[in-house]
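Below is entry-v9.txt, which holds compact mmCIF, C-alpha atoms.
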# COMPACT_ATOMS: atom_id res chain seq x y z
CA MET U 1 -60.66 15.72 23.11
CA VAL U 2 -56.92 15.39 23.44
CA TYR U 3 -57.01 12.82 20.62
CA ILE U 4 -58.50 15.34 18.24
CA GLN U 5 -55.89 17.93 19.26
CA LEU U 6 -53.09 15.41 18.70
CA LEU U 7 -54.50 14.39 15.33
CA TRP U 8 -54.95 18.00 14.17
CA SER U 9 -51.53 19.18 15.40
CA PHE U 10 -49.62 16.42 13.69
CA PHE U 11 -51.80 16.66 10.60
CA GLN U 12 -50.55 20.24 10.22
CA ILE U 13 -46.96 19.15 10.83
CA GLY U 14 -47.32 16.49 8.14
CA LEU U 15 -48.92 18.92 5.73
CA PHE U 16 -46.44 21.76 6.03
CA SER U 17 -43.10 19.99 6.33
CA ILE U 18 -41.88 20.01 2.74
CA GLY U 19 -38.36 18.76 2.21
CA GLY U 20 -38.53 16.36 5.13
CA GLY U 21 -36.34 15.78 8.15
CA TYR U 22 -34.91 18.90 9.64
CA ALA U 23 -37.42 21.12 7.85
CA ALA U 24 -40.06 19.62 10.15
CA MET U 25 -38.23 20.47 13.39
CA PRO U 26 -39.34 24.10 13.85
CA LEU U 27 -42.92 23.13 13.00
CA ILE U 28 -42.92 20.38 15.61
CA GLN U 29 -41.41 22.73 18.17
CA HIS U 30 -44.10 25.33 17.51
CA GLN U 31 -47.00 22.89 17.86
CA VAL U 32 -45.71 20.73 20.68
CA VAL U 33 -43.72 23.13 22.88
CA GLU U 34 -45.13 26.59 22.24
CA LEU U 35 -48.76 26.08 21.29
CA HIS U 36 -49.90 23.11 23.37
CA GLN U 37 -47.07 22.85 25.92
CA TRP U 38 -47.14 19.08 25.69
CA LEU U 39 -43.36 18.97 26.15
CA THR U 40 -40.81 21.28 27.76
CA MET U 41 -37.92 22.58 25.63
CA ASN U 42 -35.60 20.08 27.33
CA GLN U 43 -37.88 17.17 26.54
CA PHE U 44 -38.07 18.45 22.98
CA ALA U 45 -34.27 18.46 22.72
CA ASP U 46 -34.25 14.91 24.10
CA ILE U 47 -36.71 13.68 21.50
CA MET U 48 -34.62 15.26 18.74
CA THR U 49 -31.56 13.41 20.03
CA ILE U 50 -33.48 10.15 20.21
CA ALA U 51 -34.99 10.73 16.78
CA GLU U 52 -31.46 11.00 15.40
CA MET U 53 -30.35 7.83 17.17
CA THR U 54 -33.30 5.71 16.05
CA PRO U 55 -34.58 4.83 12.60
CA GLY U 56 -37.60 6.55 11.10
CA PRO U 57 -38.58 10.08 10.11
CA ILE U 58 -38.23 12.78 12.78
CA ALA U 59 -41.88 13.84 12.43
CA ILE U 60 -43.12 10.27 12.99
CA ASN U 61 -40.73 9.74 15.89
CA SER U 62 -41.85 12.88 17.66
CA ALA U 63 -45.52 12.13 16.95
CA THR U 64 -45.12 8.74 18.60
CA PHE U 65 -43.16 10.18 21.51
CA VAL U 66 -45.58 13.03 22.21
CA GLY U 67 -48.61 10.77 21.79
CA MET U 68 -47.13 8.28 24.30
CA GLN U 69 -46.49 11.04 26.85
CA ILE U 70 -49.97 12.54 26.51
CA ALA U 71 -52.27 9.56 26.05
CA GLY U 72 -50.33 6.28 25.96
CA ILE U 73 -50.29 3.84 23.05
CA SER U 74 -53.57 5.03 21.53
CA GLY U 75 -52.26 8.61 21.66
CA ALA U 76 -49.10 7.51 19.84
CA ILE U 77 -51.15 5.82 17.11
CA VAL U 78 -53.50 8.79 16.66
CA ALA U 79 -50.64 11.31 16.45
CA THR U 80 -48.71 9.15 13.97
CA LEU U 81 -51.76 8.67 11.75
CA GLY U 82 -52.37 12.42 11.76
CA CYS U 83 -48.80 12.94 10.68
CA VAL U 84 -48.94 10.62 7.63
CA LEU U 85 -52.49 11.42 6.52
CA PRO U 86 -51.56 14.43 4.31
CA SER U 87 -48.80 12.41 2.62
CA CYS U 88 -51.17 9.54 1.94
CA VAL U 89 -53.67 11.73 0.10
CA ILE U 90 -51.30 14.06 -1.74
CA VAL U 91 -48.62 11.55 -2.70
CA THR U 92 -51.12 8.93 -3.87
CA ALA U 93 -52.66 11.57 -6.14
CA LEU U 94 -49.19 12.43 -7.48
CA ALA U 95 -48.39 8.74 -7.97
CA TRP U 96 -51.55 8.38 -10.04
CA PHE U 97 -50.64 11.48 -12.01
CA TYR U 98 -47.12 10.17 -12.63
CA SER U 99 -48.39 6.74 -13.74
CA ARG U 100 -50.93 8.29 -16.12
CA TRP U 101 -48.84 11.03 -17.74
CA ARG U 102 -45.22 9.93 -17.53
CA GLU U 103 -45.11 9.03 -21.24
CA LEU U 104 -46.00 12.58 -22.36
CA PRO U 105 -43.01 14.33 -23.99
CA VAL U 106 -43.25 17.33 -21.65
CA MET U 107 -43.35 15.06 -18.59
CA GLN U 108 -40.44 13.05 -19.97
CA GLY U 109 -38.49 16.27 -20.32
CA ILE U 110 -39.32 17.50 -16.83
CA LEU U 111 -38.39 14.18 -15.28
CA LYS U 112 -35.17 14.02 -17.28
CA GLY U 113 -34.17 17.47 -16.04
CA VAL U 114 -35.06 16.67 -12.45
CA ARG U 115 -33.01 13.46 -12.23
CA PRO U 116 -29.57 15.11 -12.08
CA ALA U 117 -30.91 17.46 -9.38
CA VAL U 118 -32.01 14.45 -7.33
CA VAL U 119 -28.57 12.88 -7.54
CA ALA U 120 -27.03 16.20 -6.45
CA MET U 121 -29.46 16.43 -3.54
CA ILE U 122 -28.61 12.96 -2.31
CA ALA U 123 -24.90 13.71 -2.72
CA SER U 124 -25.31 16.85 -0.63
CA ALA U 125 -27.18 14.97 2.13
CA GLY U 126 -24.48 12.29 1.99
CA LEU U 127 -21.70 14.84 2.36
CA SER U 128 -23.33 16.28 5.51
CA LEU U 129 -23.55 12.79 7.02
CA LEU U 130 -19.97 12.05 6.01
CA LEU U 131 -18.72 15.20 7.74
CA LEU U 132 -20.84 14.43 10.80
CA SER U 133 -19.33 10.97 10.93
CA PHE U 134 -15.71 12.10 10.37
CA TYR U 135 -15.69 15.39 12.32
CA GLY U 136 -18.72 15.22 14.64
CA GLN U 137 -20.44 18.15 12.89
CA SER U 138 -22.21 18.45 9.57
CA ALA U 139 -20.49 21.74 8.60
CA TRP U 140 -17.01 21.99 7.11
CA PRO U 141 -14.41 21.47 9.89
CA GLU U 142 -11.97 24.19 10.88
CA SER U 143 -9.00 21.88 10.88
CA TRP U 144 -8.74 18.73 8.77
CA GLY U 145 -6.53 16.96 11.30
CA SER U 146 -9.27 16.39 13.89
CA VAL U 147 -10.70 13.50 11.88
CA ASN U 148 -12.17 10.45 13.65
CA GLY U 149 -9.91 7.60 12.44
CA ILE U 150 -12.28 4.82 13.41
CA SER U 151 -15.09 6.40 11.37
CA VAL U 152 -12.83 6.76 8.32
CA CYS U 153 -11.83 3.08 8.50
CA LEU U 154 -15.43 1.93 8.96
CA PHE U 155 -16.55 4.14 6.06
CA ALA U 156 -13.87 2.75 3.74
CA ALA U 157 -14.63 -0.84 4.73
CA ALA U 158 -18.39 -0.31 4.28
CA LEU U 159 -17.98 1.31 0.87
CA LEU U 160 -15.72 -1.51 -0.30
CA ALA U 161 -18.24 -4.11 0.90
CA LEU U 162 -21.07 -2.34 -0.92
CA ARG U 163 -19.29 -1.61 -4.22
CA ARG U 164 -17.01 -4.58 -4.65
CA TRP U 165 -18.93 -7.41 -3.05
CA LYS U 166 -22.49 -6.04 -3.28
CA VAL U 167 -23.19 -6.81 0.36
CA ASN U 168 -26.72 -6.07 1.62
CA PRO U 169 -26.71 -2.48 3.05
CA ILE U 170 -28.61 -3.51 6.18
CA GLY U 171 -25.96 -6.15 6.88
CA VAL U 172 -23.27 -3.51 6.38
CA MET U 173 -24.95 -1.12 8.83
CA LEU U 174 -25.38 -3.79 11.51
CA SER U 175 -21.76 -4.91 11.16
CA ALA U 176 -20.55 -1.30 11.38
CA GLY U 177 -22.63 -0.80 14.54
CA ALA U 178 -21.11 -3.89 16.15
CA ALA U 179 -17.61 -2.90 14.98
CA GLY U 180 -18.21 0.57 16.47
CA VAL U 181 -18.95 -0.86 19.91
CA ILE U 182 -15.82 -3.06 19.78
CA LEU U 183 -13.43 -0.44 18.34
CA TYR U 184 -14.54 2.45 20.58
CA SER U 185 -14.34 0.16 23.65
CA VAL U 186 -10.78 -0.90 22.78
CA PHE U 187 -9.36 2.49 21.74
CA MET T 188 -52.06 -16.60 -4.53
CA LYS T 189 -49.31 -14.88 -6.47
CA GLU T 190 -50.84 -11.45 -5.74
CA LYS T 191 -50.99 -12.29 -2.06
CA LYS T 192 -47.31 -13.18 -2.04
CA LYS T 193 -46.46 -9.92 -3.81
CA TYR T 194 -48.31 -7.91 -1.16
CA TRP T 195 -46.46 -9.74 1.58
CA THR T 196 -43.07 -9.17 -0.02
CA LEU T 197 -43.90 -5.49 -0.49
CA PHE T 198 -45.02 -5.03 3.12
CA LEU T 199 -42.14 -6.96 4.68
CA SER T 200 -39.50 -5.27 2.47
CA VAL T 201 -40.69 -1.77 3.31
CA MET T 202 -40.91 -2.60 7.01
CA GLN T 203 -37.37 -3.93 6.99
CA LEU T 204 -36.05 -0.86 5.14
CA SER T 205 -37.87 1.54 7.44
CA ALA T 206 -36.28 -0.10 10.47
CA PHE T 207 -32.87 0.90 9.06
CA THR T 208 -33.35 4.47 7.85
CA PHE T 209 -30.96 6.08 10.34
CA GLY T 210 -29.77 9.60 9.64
CA GLY T 211 -32.70 11.13 7.78
CA GLY T 212 -35.18 10.24 5.09
CA PHE T 213 -32.76 10.10 2.16
CA VAL T 214 -31.20 6.95 3.55
CA ILE T 215 -34.30 4.95 2.56
CA ILE T 216 -33.67 5.78 -1.14
CA PRO T 217 -30.47 3.70 -1.51
CA LEU T 218 -32.06 0.91 0.50
CA MET T 219 -35.14 0.93 -1.73
CA ARG T 220 -33.02 1.07 -4.85
CA LYS T 221 -31.06 -2.01 -3.79
CA LYS T 222 -34.25 -3.89 -2.95
CA PHE T 223 -36.77 -2.88 -5.63
CA VAL T 224 -34.45 -2.05 -8.55
CA GLU T 225 -31.49 -4.41 -8.17
CA LYS T 226 -33.03 -7.36 -6.38
CA LEU T 227 -36.73 -7.61 -7.20
CA HIS T 228 -36.63 -5.68 -10.55
CA TRP T 229 -40.03 -4.13 -9.80
CA LEU T 230 -38.78 -0.65 -10.76
CA ASP T 231 -36.05 0.63 -13.06
CA GLU T 232 -33.23 3.03 -12.22
CA GLN T 233 -34.87 6.05 -13.95
CA GLU T 234 -38.17 5.45 -12.21
CA MET T 235 -36.45 5.37 -8.82
CA LEU T 236 -34.99 8.82 -9.51
CA ASP T 237 -38.41 10.14 -10.60
CA LEU T 238 -40.05 8.80 -7.46
CA THR T 239 -37.32 10.38 -5.32
CA ALA T 240 -37.96 13.77 -6.93
CA ILE T 241 -41.71 13.49 -6.28
CA ALA T 242 -41.14 12.31 -2.69
CA GLN T 243 -38.84 15.25 -2.04
CA SER T 244 -41.22 17.84 -3.48
CA SER T 245 -44.31 16.63 -1.59
CA PRO T 246 -45.25 17.50 1.99
CA GLY T 247 -44.38 15.00 4.70
CA ALA T 248 -41.48 12.72 5.50
CA ILE T 249 -39.42 11.60 2.49
CA ALA T 250 -39.32 7.99 3.67
CA VAL T 251 -43.12 7.85 3.97
CA ASN T 252 -43.65 9.58 0.61
CA ALA T 253 -41.17 7.33 -1.18
CA SER T 254 -42.86 4.26 0.29
CA ILE T 255 -46.29 5.42 -0.87
CA LEU T 256 -44.94 6.00 -4.39
CA VAL T 257 -43.23 2.62 -4.59
CA GLY T 258 -46.31 0.88 -3.18
CA TYR T 259 -48.59 2.60 -5.69
CA ARG T 260 -46.31 1.83 -8.66
CA VAL T 261 -46.05 -1.83 -7.69
CA ALA T 262 -49.62 -2.57 -6.57
CA GLY T 263 -51.90 0.48 -6.84
CA VAL T 264 -53.79 2.01 -3.91
CA PRO T 265 -53.77 -1.19 -1.80
CA GLY T 266 -50.01 -1.28 -2.30
CA ALA T 267 -49.69 2.33 -1.14
CA LEU T 268 -51.72 1.66 2.02
CA LEU T 269 -49.66 -1.44 2.72
CA THR T 270 -46.35 0.40 2.37
CA VAL T 271 -47.47 3.29 4.61
CA ALA T 272 -48.36 0.81 7.34
CA GLY T 273 -45.04 -0.98 6.83
CA THR T 274 -43.07 2.27 7.01
CA ILE T 275 -44.62 3.70 10.18
CA LEU T 276 -44.75 0.46 12.16
CA PRO T 277 -41.02 0.13 13.04
CA PRO T 278 -40.51 3.73 14.30
CA LEU T 279 -43.86 3.56 16.11
CA VAL T 280 -42.89 0.43 18.02
CA ILE T 281 -39.28 1.49 18.65
CA ILE T 282 -40.12 4.98 19.93
CA ALA T 283 -43.06 3.72 21.99
CA VAL T 284 -40.71 1.34 23.80
CA ILE T 285 -37.85 3.84 24.13
CA SER T 286 -40.12 6.63 25.39
CA MET T 287 -40.70 4.59 28.54
CA PHE T 288 -37.03 4.73 29.55
CA TYR T 289 -35.56 7.30 27.24
CA THR T 290 -33.02 8.98 29.53
CA ALA T 291 -31.31 5.63 30.15
CA PHE T 292 -31.21 4.98 26.39
CA ARG T 293 -29.94 8.45 25.52
CA ASP T 294 -27.08 8.33 28.04
CA ASN T 295 -25.97 4.76 27.34
CA VAL T 296 -22.32 4.63 26.19
CA PHE T 297 -22.69 1.48 24.10
CA VAL T 298 -25.70 2.83 22.25
CA GLY T 299 -23.59 5.88 21.37
CA MET T 300 -20.70 3.72 20.13
CA ALA T 301 -22.97 1.59 17.94
CA MET T 302 -24.60 4.72 16.53
CA ASN T 303 -21.21 6.22 15.66
CA GLY T 304 -20.26 3.03 13.85
CA MET T 305 -23.54 2.89 11.96
CA LEU T 306 -23.24 6.53 10.93
CA ALA T 307 -20.05 5.75 8.99
CA ALA T 308 -21.87 2.90 7.21
CA VAL T 309 -24.86 5.13 6.42
CA ALA T 310 -22.49 7.62 4.77
CA ALA T 311 -21.04 4.74 2.72
CA VAL T 312 -24.51 3.55 1.68
CA ILE T 313 -25.35 7.04 0.38
CA CYS T 314 -21.99 7.33 -1.35
CA ASP T 315 -22.66 4.00 -3.10
CA VAL T 316 -26.06 5.12 -4.40
CA VAL T 317 -24.71 8.48 -5.58
CA LEU T 318 -22.07 6.67 -7.65
CA SER T 319 -24.65 4.32 -9.21
CA MET T 320 -27.30 6.98 -9.84
CA GLY T 321 -24.75 9.49 -11.07
CA ARG T 322 -23.56 6.99 -13.66
CA THR T 323 -27.15 6.62 -14.94
CA VAL T 324 -27.33 10.38 -15.48
CA LEU T 325 -23.94 10.52 -17.24
CA GLN T 326 -24.87 7.62 -19.57
CA ASP T 327 -26.86 10.11 -21.65
CA ARG T 328 -23.57 11.70 -22.70
CA LYS T 329 -25.17 15.11 -22.77
CA LEU T 330 -23.41 18.09 -21.25
CA LEU T 331 -26.69 19.66 -20.10
CA TYR T 332 -27.51 16.93 -17.59
CA ALA T 333 -23.97 16.57 -16.27
CA GLY T 334 -23.92 20.36 -15.88
CA LEU T 335 -27.25 20.39 -14.04
CA MET T 336 -25.96 17.73 -11.66
CA ALA T 337 -22.76 19.62 -10.84
CA GLY T 338 -24.57 22.96 -10.73
CA CYS T 339 -27.22 21.71 -8.31
CA PHE T 340 -24.63 20.20 -6.03
CA LEU T 341 -22.68 23.47 -5.84
CA ALA T 342 -25.84 25.56 -5.51
CA SER T 343 -27.21 23.57 -2.60
CA GLU T 344 -23.86 22.93 -0.89
CA TRP T 345 -22.17 26.33 -1.14
CA PHE T 346 -24.97 28.78 -1.77
CA GLN T 347 -27.76 27.03 0.21
CA VAL T 348 -30.20 27.45 -2.66
CA ASN T 349 -33.66 26.02 -1.89
CA ILE T 350 -34.00 22.46 -3.20
CA LEU T 351 -37.53 22.98 -4.52
CA LEU T 352 -36.33 25.91 -6.60
CA LEU T 353 -33.55 23.76 -8.08
CA LEU T 354 -36.07 21.03 -8.95
CA VAL T 355 -38.30 23.55 -10.74
CA VAL T 356 -35.40 25.05 -12.72
CA CYS T 357 -34.06 21.63 -13.72
CA GLY T 358 -37.52 20.39 -14.67
CA ALA T 359 -38.02 23.41 -16.93
CA ALA T 360 -34.58 22.95 -18.50
CA GLY T 361 -35.30 19.26 -19.19
CA ALA T 362 -38.72 20.01 -20.70
CA ALA T 363 -37.25 22.71 -22.95
CA ASP T 364 -34.48 20.36 -24.08
CA VAL T 365 -36.79 17.44 -24.94
CA LEU T 366 -39.30 19.66 -26.78
CA HIS T 367 -36.47 21.32 -28.69
CA GLU T 368 -35.04 17.95 -29.75
CA ARG T 369 -38.44 16.77 -30.97
CA ARG T 370 -38.89 19.91 -33.01
CA LYS T 371 -35.48 19.39 -34.62
CA GLU T 372 -36.41 15.80 -35.47
CA ARG T 373 -39.67 16.90 -37.04
CA LEU T 374 -37.96 19.54 -39.17
CA ALA T 375 -35.22 17.20 -40.33
Would you write out, as structure tokens, the structure that this file holds?
Amino acid sequence: MVYIQLLWSFFQIGLFSIGGGYAAMPLIQHQVVELHQWLTMNQFADIMTIAEMTPGPIAINSATFVGMQIAGISGAIVATLGCVLPSCVIVTALAWFYSRWRELPVMQGILKGVRPAVVAMIASAGLSLLLLSFYGQSAWPESWGSVNGISVCLFAAALLALRRWKVNPIGVMLSAGAAGVILYSVF
Amino acid sequence: MKEKKKYWTLFLSVMQLSAFTFGGGFVIIPLMRKKFVEKLHWLDEQEMLDLTAIAQSSPGAIAVNASILVGYRVAGVPGALLTVAGTILPPLVIIAVISMFYTAFRDNVFVGMAMNGMLAAVAAVICDVVLSMGRTVLQDRKLLYAGLMAGCFLASEWFQVNILLLLVVCGAAGAADVLHERRKERLA
């Protein structure tokens, strides 16, 4: 029974979280903490912290975490599948639609208009991460002087490696992680 | 045989990228662009932007949606299923393991240091993709699209305008522009 509840709960989370990431957080909180009381608020805060520290979408991470707590590995798998099921159906349909109609003039126009918006969106997400990295918060800082020097240096080195020498981004991330451990230990 | 190898490359690439999408779903976009546009040449720059727009406007996690779209474009429905599996496997395994001793992981100093270091690199990865994708948009040499790009950035950054609304407005502006151009060509 609990499997069906897990599947249905995370199916709804997957279906209604448009815009990804942090848009999904209140939905997850409602289902997991308030409705089913699978986790306490403290556990929920913990999973959000861990979701930020580990790769993967927040919704998938919390599905796995909650599933593990409730019903072990099989619970984790069921909750995760519930979470991606809506995407699988809807996005595959859209992919088909895109493949079939992308040559239409109207579609060409829509896509052409949307592209600059996408770049702006990514730039905006990037700026939040940059501020989080430099100032420890994703909002504009109150004073510019409180910048984290190590982060600035790592950012500059990473950007140079990516632009100038076309280094693989995954290699850049791993090196920055290792450099972080060394630099923060020393200073 | 060649098909089989393509499926494998697709699955392994997506799995590898998913294991490194720290800091939110958008991070997978630059990683995918590097892999599927620059390295494997399975998609072009424009298509990557289109797929990002669709992934953003659909329900669910952006990383999962983008993977489904790339999988479908490269190898149809089997490709989409393969990329979904590849995308959810790394977080599933990592979180399943961490959930067994999560307080120790959360409070570990070295984990925190490594994460801080990686965050700076993630910001650089996004910065890199914005520069490359932005150049593609500006190559058109049309004021409309440069204006839309700047306008959307300001609207979402300073006025917190809903992203879906911006996508709709920009899509309509683009459609109007293309149809208008075609009409001019026909009259000329």
>> I'd like the contact shell of region 140-143 of chain U - 12 Å cut-off, all atoms listed in the file, skipping same-chain residues fewer than 2 positions apart - returned as number ranges by chain.
In response: U: 127-138, 145-148; T: 344-345
Need the axis-aligned box for region 286-293 of chain T with 4 Å each side, so what are the centre and edges in Å to one decimal, as JSON?
{"center_x": -35.3, "center_y": 6.8, "center_z": 27.8, "size_x": 18.8, "size_y": 12.4, "size_z": 12.8}
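CA of Ser205 (chain T) sits 24.7 Å away from CA of Trp8 (chain U).
Polymer residues near (-27.2, 12.8, 22.3): counting only C-alpha atoms with a cut-off of 8 Å, they are Asp46, Thr49, Ile50 and Met53 of chain U; Arg293, Asp294 and Gly299 of chain T.
Shortest separation to chain T among U:Val186, U:Gln12, U:Gly82, U:Leu111 occurs at residue U:Leu111, atoms counted being all atoms listed in the file.
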>> Set the distance at 9 Å and use all atoms listed in the file: which residues neighbour Val118 (chain U) once local chain neighbours fewer than 6 positions away are removed? I'd like the list as a count of residues only.
In response: 8
>> Taking 6 positions as the minimum chain separation for residues in the same chain, which residues sit within 9 Å of Arg220 (chain T) when counting all atoms listed in the file? Answer as a PyMOL selection string.
In response: chain T and resi 226+230-232+235+316
>> Please determine, counting only C-alpha atoms, which residue among T:Ala362, T:Leu227, T:Val214, T:Val356 has the shortest atom-to-atom distance to chain U.
In response: T:Ala362
